[in-house]
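*Asks:* Structure supplied as final-v2.pdb; contents: PDB, C-alpha atoms.
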```
ATOM      1  CA  MET A   1      51.688   1.759   9.004
ATOM      2  CA  TYR A   2      48.944   3.004  11.276
ATOM      3  CA  LEU A   3      46.833   1.108  13.746
ATOM      4  CA  VAL A   4      43.295   2.454  13.954
ATOM      5  CA  LYS A   5      41.061   1.326  16.816
ATOM      6  CA  VAL A   6      37.404   2.037  16.058
ATOM      7  CA  TYR A   7      34.635   1.809  18.656
ATOM      8  CA  VAL A   8      31.028   1.738  17.465
ATOM      9  CA  THR A   9      28.201   2.072  19.972
ATOM     10  CA  TYR A  10      24.471   2.665  19.839
ATOM     11  CA  LYS A  11      23.063   6.137  20.178
ATOM     12  CA  GLU A  12      21.274   6.696  23.467
ATOM     13  CA  SER A  13      17.846   6.517  21.832
ATOM     14  CA  ILE A  14      18.554   3.030  20.463
ATOM     15  CA  LEU A  15      17.795  -0.192  22.320
ATOM     16  CA  ASP A  16      20.711  -2.361  23.353
ATOM     17  CA  PRO A  17      19.038  -5.645  24.386
ATOM     18  CA  LYS A  18      22.363  -7.524  24.284
ATOM     19  CA  GLY A  19      23.939  -5.033  26.667
ATOM     20  CA  GLU A  20      20.902  -5.335  28.931
ATOM     21  CA  ALA A  21      21.176  -9.137  28.914
ATOM     22  CA  VAL A  22      24.852  -8.914  29.959
ATOM     23  CA  ASN A  23      23.912  -6.375  32.637
ATOM     24  CA  ASP A  24      21.278  -8.776  34.012
ATOM     25  CA  ALA A  25      23.751 -11.685  33.957
ATOM     26  CA  LEU A  26      26.330  -9.664  35.896
ATOM     27  CA  HIS A  27      23.652  -8.865  38.486
ATOM     28  CA  ARG A  28      22.857 -12.571  38.793
ATOM     29  CA  LEU A  29      26.561 -13.238  39.398
ATOM     30  CA  GLY A  30      26.384 -10.893  42.354
ATOM     31  CA  TYR A  31      27.816  -7.748  40.799
ATOM     32  CA  THR A  32      24.815  -5.747  41.932
ATOM     33  CA  ASN A  33      26.860  -2.551  41.860
ATOM     34  CA  VAL A  34      26.951  -2.713  38.047
ATOM     35  CA  ASP A  35      24.845   0.175  36.846
ATOM     36  CA  SER A  36      24.700  -0.483  33.120
ATOM     37  CA  VAL A  37      26.444  -2.338  30.312
ATOM     38  CA  GLU A  38      26.757  -1.076  26.792
ATOM     39  CA  LEU A  39      27.719  -3.627  24.189
ATOM     40  CA  GLY A  40      29.332  -2.265  21.063
ATOM     41  CA  LYS A  41      31.718  -3.208  18.296
ATOM     42  CA  TYR A  42      35.473  -2.867  18.200
ATOM     43  CA  PHE A  43      37.604  -2.880  15.065
ATOM     44  CA  GLU A  44      41.389  -2.890  14.664
ATOM     45  CA  ILE A  45      42.392  -1.634  11.267
ATOM     46  CA  LYS A  46      45.949  -1.661  10.022
ATOM     47  CA  ILE A  47      46.311   0.810   7.213
ATOM     48  CA  LYS A  48      49.109   2.245   5.118
ATOM     49  CA  PRO A  49      49.362   6.029   4.741
ATOM     50  CA  ASP A  50      47.766   7.311   1.576
ATOM     51  CA  LYS A  51      47.590  10.686  -0.159
ATOM     52  CA  ARG A  52      44.517  11.580   1.886
ATOM     53  CA  PRO A  53      44.636  12.426   5.587
ATOM     54  CA  ILE A  54      44.076   9.247   7.556
ATOM     55  CA  GLU A  55      41.288  10.815   9.629
ATOM     56  CA  ALA A  56      39.303  11.628   6.493
ATOM     57  CA  GLU A  57      39.647   8.069   5.281
ATOM     58  CA  VAL A  58      38.624   6.550   8.625
ATOM     59  CA  ASP A  59      35.648   8.912   8.921
ATOM     60  CA  GLU A  60      34.512   7.819   5.492
ATOM     61  CA  MET A  61      34.916   4.111   6.326
ATOM     62  CA  CYS A  62      32.850   4.583   9.487
ATOM     63  CA  ASP A  63      30.119   6.544   7.734
ATOM     64  CA  ARG A  64      29.875   4.170   4.787
ATOM     65  CA  LEU A  65      30.275   0.769   6.402
ATOM     66  CA  LEU A  66      31.451   0.339   9.982
ATOM     67  CA  ALA A  67      28.595   2.279  11.588
ATOM     68  CA  ASN A  68      25.000   3.013  10.656
ATOM     69  CA  VAL A  69      24.816   6.657  11.642
ATOM     70  CA  ASN A  70      21.026   6.420  11.966
ATOM     71  CA  MET A  71      21.508   4.208  15.020
ATOM     72  CA  GLU A  72      25.153   4.316  15.991
ATOM     73  CA  THR A  73      28.006   6.636  16.832
ATOM     74  CA  TYR A  74      31.718   5.954  16.517
ATOM     75  CA  ARG A  75      35.037   7.157  17.825
ATOM     76  CA  TYR A  76      38.550   6.056  17.006
ATOM     77  CA  GLU A  77      42.179   6.259  18.022
ATOM     78  CA  ILE A  78      45.022   6.343  15.518
ATOM     79  CA  SER A  79      48.549   5.309  16.413
ATOM     80  CA  GLN A  80      51.654   4.866  14.334
ATOM     81  CA  MET A  81      52.955   1.278  14.334
ATOM     82  CA  GLU A  82      56.662   0.688  14.749
ATOM     83  CA  ALA A  83      58.351  -0.590  11.619
ATOM     84  CA  LEU A  84      59.630  -4.142  12.062
TER      85      LEU A  84
ATOM     86  CA  MET B   1       5.970  -7.951 -16.282
ATOM     87  CA  LYS B   2       9.300  -9.504 -15.420
ATOM     88  CA  PHE B   3      10.638  -9.633 -11.871
ATOM     89  CA  ALA B   4      14.275  -9.943 -10.788
ATOM     90  CA  VAL B   5      14.939 -11.525  -7.394
ATOM     91  CA  PRO B   6      18.595 -10.900  -6.459
ATOM     92  CA  VAL B   7      20.214 -13.725  -4.505
ATOM     93  CA  PHE B   8      22.891 -12.765  -1.990
ATOM     94  CA  PRO B   9      25.028 -15.301  -0.155
ATOM     95  CA  GLY B  10      22.741 -16.147   2.777
ATOM     96  CA  SER B  11      19.429 -15.161   1.168
ATOM     97  CA  ASN B  12      16.855 -17.806   2.077
ATOM     98  CA  CYS B  13      13.453 -16.502   0.971
ATOM     99  CA  ASP B  14      14.481 -16.154  -2.677
ATOM    100  CA  HIS B  15      12.880 -19.413  -3.818
ATOM    101  CA  ASP B  16       9.682 -18.695  -1.870
ATOM    102  CA  MET B  17       9.474 -15.378  -3.694
ATOM    103  CA  VAL B  18       9.996 -16.921  -7.124
ATOM    104  CA  ASN B  19       7.459 -19.625  -6.282
ATOM    105  CA  ALA B  20       4.880 -16.990  -5.383
ATOM    106  CA  LEU B  21       5.569 -14.973  -8.535
ATOM    107  CA  ARG B  22       5.808 -17.821 -11.030
ATOM    108  CA  ASP B  23       3.568 -20.563  -9.739
ATOM    109  CA  ILE B  24       0.849 -18.568  -8.034
ATOM    110  CA  LEU B  25       0.759 -15.250  -9.909
ATOM    111  CA  LYS B  26       1.895 -16.695 -13.246
ATOM    112  CA  ALA B  27       4.386 -13.845 -13.653
ATOM    113  CA  ASP B  28       7.876 -14.017 -15.167
ATOM    114  CA  ALA B  29      10.576 -14.064 -12.507
ATOM    115  CA  ASP B  30      14.290 -14.799 -12.460
ATOM    116  CA  LEU B  31      16.691 -15.386  -9.619
ATOM    117  CA  VAL B  32      19.691 -13.177 -10.376
ATOM    118  CA  PRO B  33      23.072 -13.465  -8.641
ATOM    119  CA  ALA B  34      24.371 -10.669  -6.407
ATOM    120  CA  THR B  35      27.143 -10.148  -8.978
ATOM    121  CA  THR B  36      24.643  -9.047 -11.657
ATOM    122  CA  THR B  37      25.316  -5.530 -12.914
ATOM    123  CA  ASP B  38      22.544  -5.217 -15.513
ATOM    124  CA  LEU B  39      18.840  -5.251 -14.640
ATOM    125  CA  SER B  40      17.634  -3.706 -17.895
ATOM    126  CA  ALA B  41      15.649  -6.841 -18.802
ATOM    127  CA  TYR B  42      13.375  -6.419 -15.764
ATOM    128  CA  ASP B  43      10.344  -4.356 -14.803
ATOM    129  CA  ALA B  44      10.581  -4.805 -11.027
ATOM    130  CA  VAL B  45      13.149  -5.926  -8.451
ATOM    131  CA  ILE B  46      12.329  -7.704  -5.202
ATOM    132  CA  LEU B  47      15.102  -8.113  -2.614
ATOM    133  CA  PRO B  48      14.280 -11.301  -0.694
ATOM    134  CA  GLY B  49      14.552 -12.157   2.976
ATOM    135  CA  GLY B  50      17.305 -14.112   4.650
ATOM    136  CA  PHE B  51      20.614 -13.409   6.300
ATOM    137  CA  SER B  52      22.711 -11.917   3.522
ATOM    138  CA  TYR B  53      26.429 -12.249   4.230
ATOM    139  CA  GLY B  54      25.510 -13.838   7.549
ATOM    140  CA  ASP B  55      24.155 -10.491   8.770
ATOM    141  CA  TYR B  56      27.783  -9.800   9.689
ATOM    142  CA  LEU B  57      28.433  -6.270  10.950
ATOM    143  CA  ARG B  58      24.726  -5.329  10.664
ATOM    144  CA  SER B  59      21.779  -6.774   8.759
ATOM    145  CA  GLY B  60      22.132  -5.658   5.156
ATOM    146  CA  ALA B  61      25.340  -3.675   5.730
ATOM    147  CA  ILE B  62      27.515  -5.856   3.494
ATOM    148  CA  ALA B  63      24.828  -6.709   0.942
ATOM    149  CA  ARG B  64      24.275  -3.059   0.124
ATOM    150  CA  PHE B  65      27.737  -3.006  -1.477
ATOM    151  CA  ALA B  66      27.158  -6.132  -3.616
ATOM    152  CA  PRO B  67      27.509  -5.364  -7.349
ATOM    153  CA  VAL B  68      23.784  -5.854  -7.973
ATOM    154  CA  MET B  69      22.999  -2.996  -5.596
ATOM    155  CA  THR B  70      24.644  -0.471  -7.917
ATOM    156  CA  ALA B  71      22.196  -1.674 -10.558
ATOM    157  CA  VAL B  72      19.313  -1.546  -8.041
ATOM    158  CA  GLN B  73      20.220   2.068  -7.170
ATOM    159  CA  ALA B  74      20.068   3.001 -10.845
ATOM    160  CA  PHE B  75      16.865   0.991 -11.321
ATOM    161  CA  ALA B  76      15.195   2.781  -8.416
ATOM    162  CA  GLY B  77      16.592   6.109  -9.603
ATOM    163  CA  ALA B  78      14.854   5.546 -12.941
ATOM    164  CA  GLY B  79      11.531   5.282 -11.093
ATOM    165  CA  LYS B  80      11.055   1.538 -11.528
ATOM    166  CA  PRO B  81       9.507  -0.469  -8.686
ATOM    167  CA  VAL B  82      11.821  -1.962  -6.068
ATOM    168  CA  MET B  83      10.618  -3.901  -3.067
ATOM    169  CA  GLY B  84      12.544  -5.332  -0.121
ATOM    170  CA  ILE B  85      11.097  -7.969   2.182
ATOM    171  CA  CYS B  86      12.591  -8.542   5.648
ATOM    172  CA  ASN B  87      16.364  -8.686   5.024
ATOM    173  CA  GLY B  88      15.588  -6.948   1.730
ATOM    174  CA  PHE B  89      14.069  -4.063   3.736
ATOM    175  CA  GLN B  90      17.189  -3.952   5.912
ATOM    176  CA  ILE B  91      19.357  -3.794   2.779
ATOM    177  CA  LEU B  92      17.261  -0.923   1.349
ATOM    178  CA  THR B  93      17.635   1.151   4.533
ATOM    179  CA  GLU B  94      21.376   0.442   4.667
ATOM    180  CA  ALA B  95      21.617   1.495   1.020
ATOM    181  CA  GLY B  96      19.849   4.762   1.789
ATOM    182  CA  LEU B  97      17.009   3.946  -0.611
ATOM    183  CA  LEU B  98      14.602   4.076   2.326
ATOM    184  CA  PRO B  99      14.778   6.247   5.453
ATOM    185  CA  GLY B 100      15.384   4.889   8.949
ATOM    186  CA  ALA B 101      16.963   1.667  10.164
ATOM    187  CA  LEU B 102      15.981  -1.701  11.625
ATOM    188  CA  GLN B 103      17.177  -2.279  15.177
ATOM    189  CA  ALA B 104      16.898  -5.319  17.451
ATOM    190  CA  ASN B 105      13.400  -6.339  18.537
ATOM    191  CA  ARG B 106      12.432  -4.765  21.848
ATOM    192  CA  SER B 107      12.005  -8.216  23.402
ATOM    193  CA  SER B 108      15.497  -9.232  22.144
ATOM    194  CA  LYS B 109      13.777 -12.395  20.847
ATOM    195  CA  PHE B 110      13.531 -13.646  17.293
ATOM    196  CA  ILE B 111       9.811 -13.429  16.511
ATOM    197  CA  CYS B 112       8.241 -15.943  14.134
ATOM    198  CA  LYS B 113       4.448 -15.690  13.986
ATOM    199  CA  THR B 114       1.522 -14.334  12.030
ATOM    200  CA  SER B 115       1.047 -10.619  12.519
ATOM    201  CA  GLU B 116      -1.977  -8.482  11.824
ATOM    202  CA  LEU B 117      -1.295  -5.441   9.668
ATOM    203  CA  ILE B 118      -3.324  -2.406   8.715
ATOM    204  CA  VAL B 119      -3.031  -1.064   5.164
ATOM    205  CA  LYS B 120      -2.532   2.634   5.898
ATOM    206  CA  ASN B 121      -2.114   3.818   2.330
ATOM    207  CA  ASN B 122      -3.711   1.959  -0.569
ATOM    208  CA  GLN B 123      -2.969   4.704  -3.109
ATOM    209  CA  THR B 124       0.349   3.125  -4.128
ATOM    210  CA  GLN B 125       1.470   0.741  -6.831
ATOM    211  CA  PHE B 126       2.249  -1.791  -4.089
ATOM    212  CA  SER B 127      -1.037  -1.661  -2.192
ATOM    213  CA  SER B 128      -3.854  -0.609  -4.547
ATOM    214  CA  ALA B 129      -5.462  -4.067  -4.438
ATOM    215  CA  TYR B 130      -6.279  -3.624  -0.742
ATOM    216  CA  ALA B 131      -9.081  -1.565   0.761
ATOM    217  CA  GLU B 132      -7.951   1.424   2.805
ATOM    218  CA  ASN B 133      -7.390   0.432   6.434
ATOM    219  CA  ALA B 134      -7.882  -3.227   5.513
ATOM    220  CA  HIS B 135      -6.620  -5.644   8.160
ATOM    221  CA  ILE B 136      -4.447  -8.375   6.693
ATOM    222  CA  ASN B 137      -2.484 -11.263   8.204
ATOM    223  CA  LEU B 138       1.101 -11.833   7.121
ATOM    224  CA  PRO B 139       3.899 -13.882   8.707
ATOM    225  CA  ILE B 140       6.854 -12.155  10.304
ATOM    226  CA  ALA B 141      10.178 -13.837  11.084
ATOM    227  CA  HIS B 142      12.929 -11.542  12.317
ATOM    228  CA  GLY B 143      15.237 -10.652  15.171
ATOM    229  CA  GLU B 144      15.953  -7.131  13.969
ATOM    230  CA  GLY B 145      12.682  -5.779  12.645
ATOM    231  CA  ASN B 146      12.204  -2.908  15.040
ATOM    232  CA  TYR B 147      11.875   0.068  12.704
ATOM    233  CA  TYR B 148      13.588   3.194  13.956
ATOM    234  CA  CYS B 149      13.659   6.720  12.626
ATOM    235  CA  ASP B 150      14.058  10.093  14.298
ATOM    236  CA  ASP B 151      11.127  12.441  14.905
ATOM    237  CA  ALA B 152      11.856  14.655  11.903
ATOM    238  CA  THR B 153      11.888  11.622   9.580
ATOM    239  CA  LEU B 154       8.678  10.288  11.120
ATOM    240  CA  ALA B 155       6.956  13.615  10.548
ATOM    241  CA  GLU B 156       8.051  13.496   6.907
ATOM    242  CA  LEU B 157       6.868   9.913   6.484
ATOM    243  CA  ARG B 158       3.459  10.897   7.852
ATOM    244  CA  ALA B 159       3.189  14.117   5.845
ATOM    245  CA  ASN B 160       3.917  12.288   2.607
ATOM    246  CA  GLN B 161       1.846   9.169   3.383
ATOM    247  CA  GLN B 162       4.912   6.969   3.146
ATOM    248  CA  ILE B 163       3.775   4.591   5.887
ATOM    249  CA  ILE B 164       2.065   1.810   3.947
ATOM    250  CA  PHE B 165       1.668  -0.939   6.549
ATOM    251  CA  GLU B 166       1.300  -0.675  10.315
ATOM    252  CA  TYR B 167       1.211  -3.467  12.888
ATOM    253  CA  ALA B 168      -2.164  -3.755  14.618
ATOM    254  CA  ASP B 169      -0.362  -5.156  17.675
ATOM    255  CA  ASN B 170       3.232  -3.888  17.513
ATOM    256  CA  PRO B 171       5.262  -7.086  18.036
ATOM    257  CA  ASN B 172       8.811  -5.696  17.946
ATOM    258  CA  GLY B 173       8.799  -2.113  19.246
ATOM    259  CA  SER B 174       8.768  -0.381  15.856
ATOM    260  CA  THR B 175       8.451   3.405  15.866
ATOM    261  CA  ALA B 176       4.809   4.369  15.211
ATOM    262  CA  ASN B 177       3.939   0.650  14.655
ATOM    263  CA  ILE B 178       5.597   0.858  11.242
ATOM    264  CA  ALA B 179       5.759  -2.448   9.359
ATOM    265  CA  GLY B 180       6.360  -1.101   5.854
ATOM    266  CA  VAL B 181       7.464   2.228   4.375
ATOM    267  CA  MET B 182       7.824   3.666   0.911
ATOM    268  CA  ASN B 183      10.209   6.293  -0.442
ATOM    269  CA  ARG B 184       8.942   9.754  -1.217
ATOM    270  CA  GLN B 185       8.856   9.060  -4.968
ATOM    271  CA  GLY B 186       6.575   6.071  -4.405
ATOM    272  CA  ASN B 187       8.604   3.408  -6.207
ATOM    273  CA  VAL B 188      10.584   1.776  -3.392
ATOM    274  CA  LEU B 189       8.822  -0.207  -0.655
ATOM    275  CA  GLY B 190      10.370  -2.015   2.299
ATOM    276  CA  MET B 191       8.493  -4.214   4.758
ATOM    277  CA  MET B 192       9.414  -6.717   7.451
ATOM    278  CA  PRO B 193       6.376  -9.063   6.993
ATOM    279  CA  HIS B 194       6.537 -11.745   4.305
ATOM    280  CA  PRO B 195       3.789 -11.464   1.652
ATOM    281  CA  GLU B 196       5.402 -14.298  -0.354
ATOM    282  CA  ARG B 197       4.614 -16.661   2.519
ATOM    283  CA  ALA B 198       0.921 -15.800   2.389
ATOM    284  CA  VAL B 199      -0.139 -16.639  -1.165
ATOM    285  CA  GLU B 200      -1.982 -19.957  -0.786
ATOM    286  CA  THR B 201      -4.749 -21.115   1.540
ATOM    287  CA  ILE B 202      -2.615 -24.065   2.570
ATOM    288  CA  LEU B 203       0.000 -21.606   3.885
ATOM    289  CA  GLY B 204      -2.567 -20.148   6.290
ATOM    290  CA  SER B 205      -3.259 -16.864   4.496
ATOM    291  CA  THR B 206      -3.594 -15.463   1.002
ATOM    292  CA  ASP B 207      -3.403 -11.870   2.219
ATOM    293  CA  GLY B 208       0.034 -11.385   0.665
ATOM    294  CA  LEU B 209      -1.306 -11.747  -2.870
ATOM    295  CA  GLY B 210      -2.590  -8.168  -2.926
ATOM    296  CA  ILE B 211       0.903  -6.691  -3.028
ATOM    297  CA  PHE B 212       1.898  -8.646  -6.116
ATOM    298  CA  GLN B 213      -1.510  -8.149  -7.738
ATOM    299  CA  SER B 214      -1.184  -4.405  -7.147
ATOM    300  CA  LEU B 215       2.205  -4.336  -8.857
ATOM    301  CA  LEU B 216       0.982  -6.427 -11.794
ATOM    302  CA  ALA B 217      -2.186  -4.340 -12.269
ATOM    303  CA  ASN B 218      -0.300  -1.037 -12.118
ATOM    304  CA  GLN B 219       2.326  -2.243 -14.547
ATOM    305  CA  GLN B 220      -0.410  -3.172 -17.019
ATOM    306  CA  GLU B 221      -1.884   0.304 -16.693
ATOM    307  CA  VAL B 222       1.523   1.813 -17.435
ATOM    308  CA  ALA B 223       1.930  -0.483 -20.444
ATOM    309  CA  HIS B 224      -1.472   0.497 -21.851
ATOM    310  CA  ALA B 225      -1.164   4.191 -21.137
TER     311      ALA B 225
END
```
If you took the structure in this file and wrote it as structure tokens, what would it be?

*Replies:*
Amino acid sequence: MYLVKVYVTYKESILDPKGEAVNDALHRLGYTNVDSVELGKYFEIKIKPDKRPIEAEVDEMCDRLLANVNMETYRYEISQMEAL
Amino acid sequence: MKFAVPVFPGSNCDHDMVNALRDILKADADLVPATTTDLSAYDAVILPGGFSYGDYLRSGAIARFAPVMTAVQAFAGAGKPVMGICNGFQILTEAGLLPGALQANRSSKFICKTSELIVKNNQTQFSSAYAENAHINLPIAHGEGNYYCDDATLAELRANQQIIFEYADNPNGSTANIAGVMNRQGNVLGMMPHPERAVETILGSTDGLGIFQSLLANQQEVAHA
């Protein structure tokens, strides 16, 4: 079994009003040294090995569903889970 | 002319749409479930507004994989008219039937008000009842209606006159004030404003009627050709 951690974030040209709101709130709390906050999505996917390379399958999942490549980019980490 | 209005879990403008079509325009219209796989009995499909699948992940991202969307893809591929209003527009961009994407409003606020639009292209089956550059008033109600596309796509949209409606006073930050776009083939339209909420004087505006009247008139022409 693999554990895939997927991170989806907005492209630079895309607005991130939620990230900006968190940035402003941190400033109000006194963390004035915070430069910027980017708010994205995080997925943990547990997946069994298949005939296809796992990277190809994860790329496809990201392109088809997890990210909208018009607005977002993604990266992921794959690790093998220890058998129980 | 018979309209299908697919209902996704979380759609909430479906009944308004059917009311506009049946009661005001005296057209045939059916609500069809998102599990429908056959749209052969219909002449046009209108994806309604709402929050399909709770807008989980992204607006329209889950709905685009509902069974009915396979049928909508085929329907659109056959050249038949497909329209998406608000969440329906978001679903059409997610499905790749229209270019671009809808991002969060620039203000980060949900905007619910009447917006003034300019009819930029009236040479379409969705807009022929309006005068060119007519100013019309339609309600908008969205948190993610900020149309985004890259420069190359925008140039294509302009070159092919695919921008049908523009905001007179851009309320949400949309690229090039875009409120509604059509596909290159001219049979798929998506727009954030709600024409179905502007079909009776008592609702504050009847400016939405033109879209449905355009579709009905053009369908008749096709039938008589």

*Asks:* Can you build me a table of chain A residues sitting at most 9 Å from chain B, with the closest atom pair per residue and its distance in Å to one decimal, using all atoms listed in the file, sorted by chain and residue number, as a Markdown table?

*Replies:*
```
| residue | atom | partner | partner_atom | distance |
| --- | --- | --- | --- | --- |
| A:Ile14 | CA | B:Gln103 | CA | 7.6 |
| A:Leu15 | CA | B:Arg106 | CA | 7.1 |
| A:Asp16 | CA | B:Ala104 | CA | 7.6 |
| A:Pro17 | CA | B:Ser108 | CA | 5.5 |
| A:Lys18 | CA | B:Ser108 | CA | 7.4 |
| A:Ala21 | CA | B:Ser108 | CA | 8.8 |
| A:Lys41 | CA | B:Leu57 | CA | 8.6 |
| A:Leu65 | CA | B:Ala61 | CA | 6.7 |
| A:Leu66 | CA | B:Leu57 | CA | 7.3 |
| A:Ala67 | CA | B:Leu57 | CA | 8.6 |
| A:Asn68 | CA | B:Glu94 | CA | 7.5 |
| A:Asn70 | CA | B:Ala101 | CA | 6.5 |
| A:Met71 | CA | B:Ala101 | CA | 7.1 |
```

*Asks:* Would you write out, as a ChimeraX atom specification, every residue that the PyMOL selection byres ((chain A and resi 26-40) around 8) captures in this file?

*Replies:* /A:7-10,16,18-20,22-25,41-42

*Asks:* Please write as a ChimeraX atom specification the full residue list that the PyMOL selection byres ((chain A and resi 54-56) around 12) yields on this file.

*Replies:* /A:1-6,45-53,57-63,75-80

*Asks:* Quick one: 8 Å padding each side, axis-aligned, all listed atoms of stretch 39-52 of chain A - centre and edge lengths in Å to one decimal, as lines of an AutoDock Vina configuration file?

*Replies:*
```
center_x = 38.5
center_y = 4.0
center_z = 12.0
size_x = 37.6
size_y = 31.2
size_z = 40.3
```

*Asks:* Give me, please, the distance in Å between atom CA of B:Ser52 and atom CA of B:Ser11, quoted to one decimal.

*Replies:* 5.2 Å

*Asks:* Contacts of stretch 67-84 of chain B at 7 Å or less, counting only C-alpha atoms, minus same-chain residues fewer than 2 places along, as a PyMOL selection string?

*Replies:* chain B and resi 34-39+43-48+64-65+86+88-89+92+187-191

*Asks:* Go through the shown structure with the PyMOL selection byres ((chain B and resi 169) around 12) and write out the matching residues as a list in words.

*Replies:*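 Output from the PyMOL selection byres ((chain B and resi 169) around 12), applied to this file: Thr114, Ser115, Glu116, Leu117, Ile118, His135, Asn137, Glu166, Tyr167, Ala168, Asn170, Pro171, Asn172, Gly173, Ser174, Ala176, Asn177, Ile178 and Ala179 of chain B.
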
*Asks:* Could you tell me how far atom CA of B:Pro193 sits from atom CA of B:Gly145, in Å to one decimal place?

*Replies:* 9.1 Å

*Asks:* Using atom CA of B:Cys13 and atom CA of B:Arg184 as the two end points, give the distance in Å to one decimal.

*Replies:*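 That distance, rounded to one decimal, is 26.7 Å.
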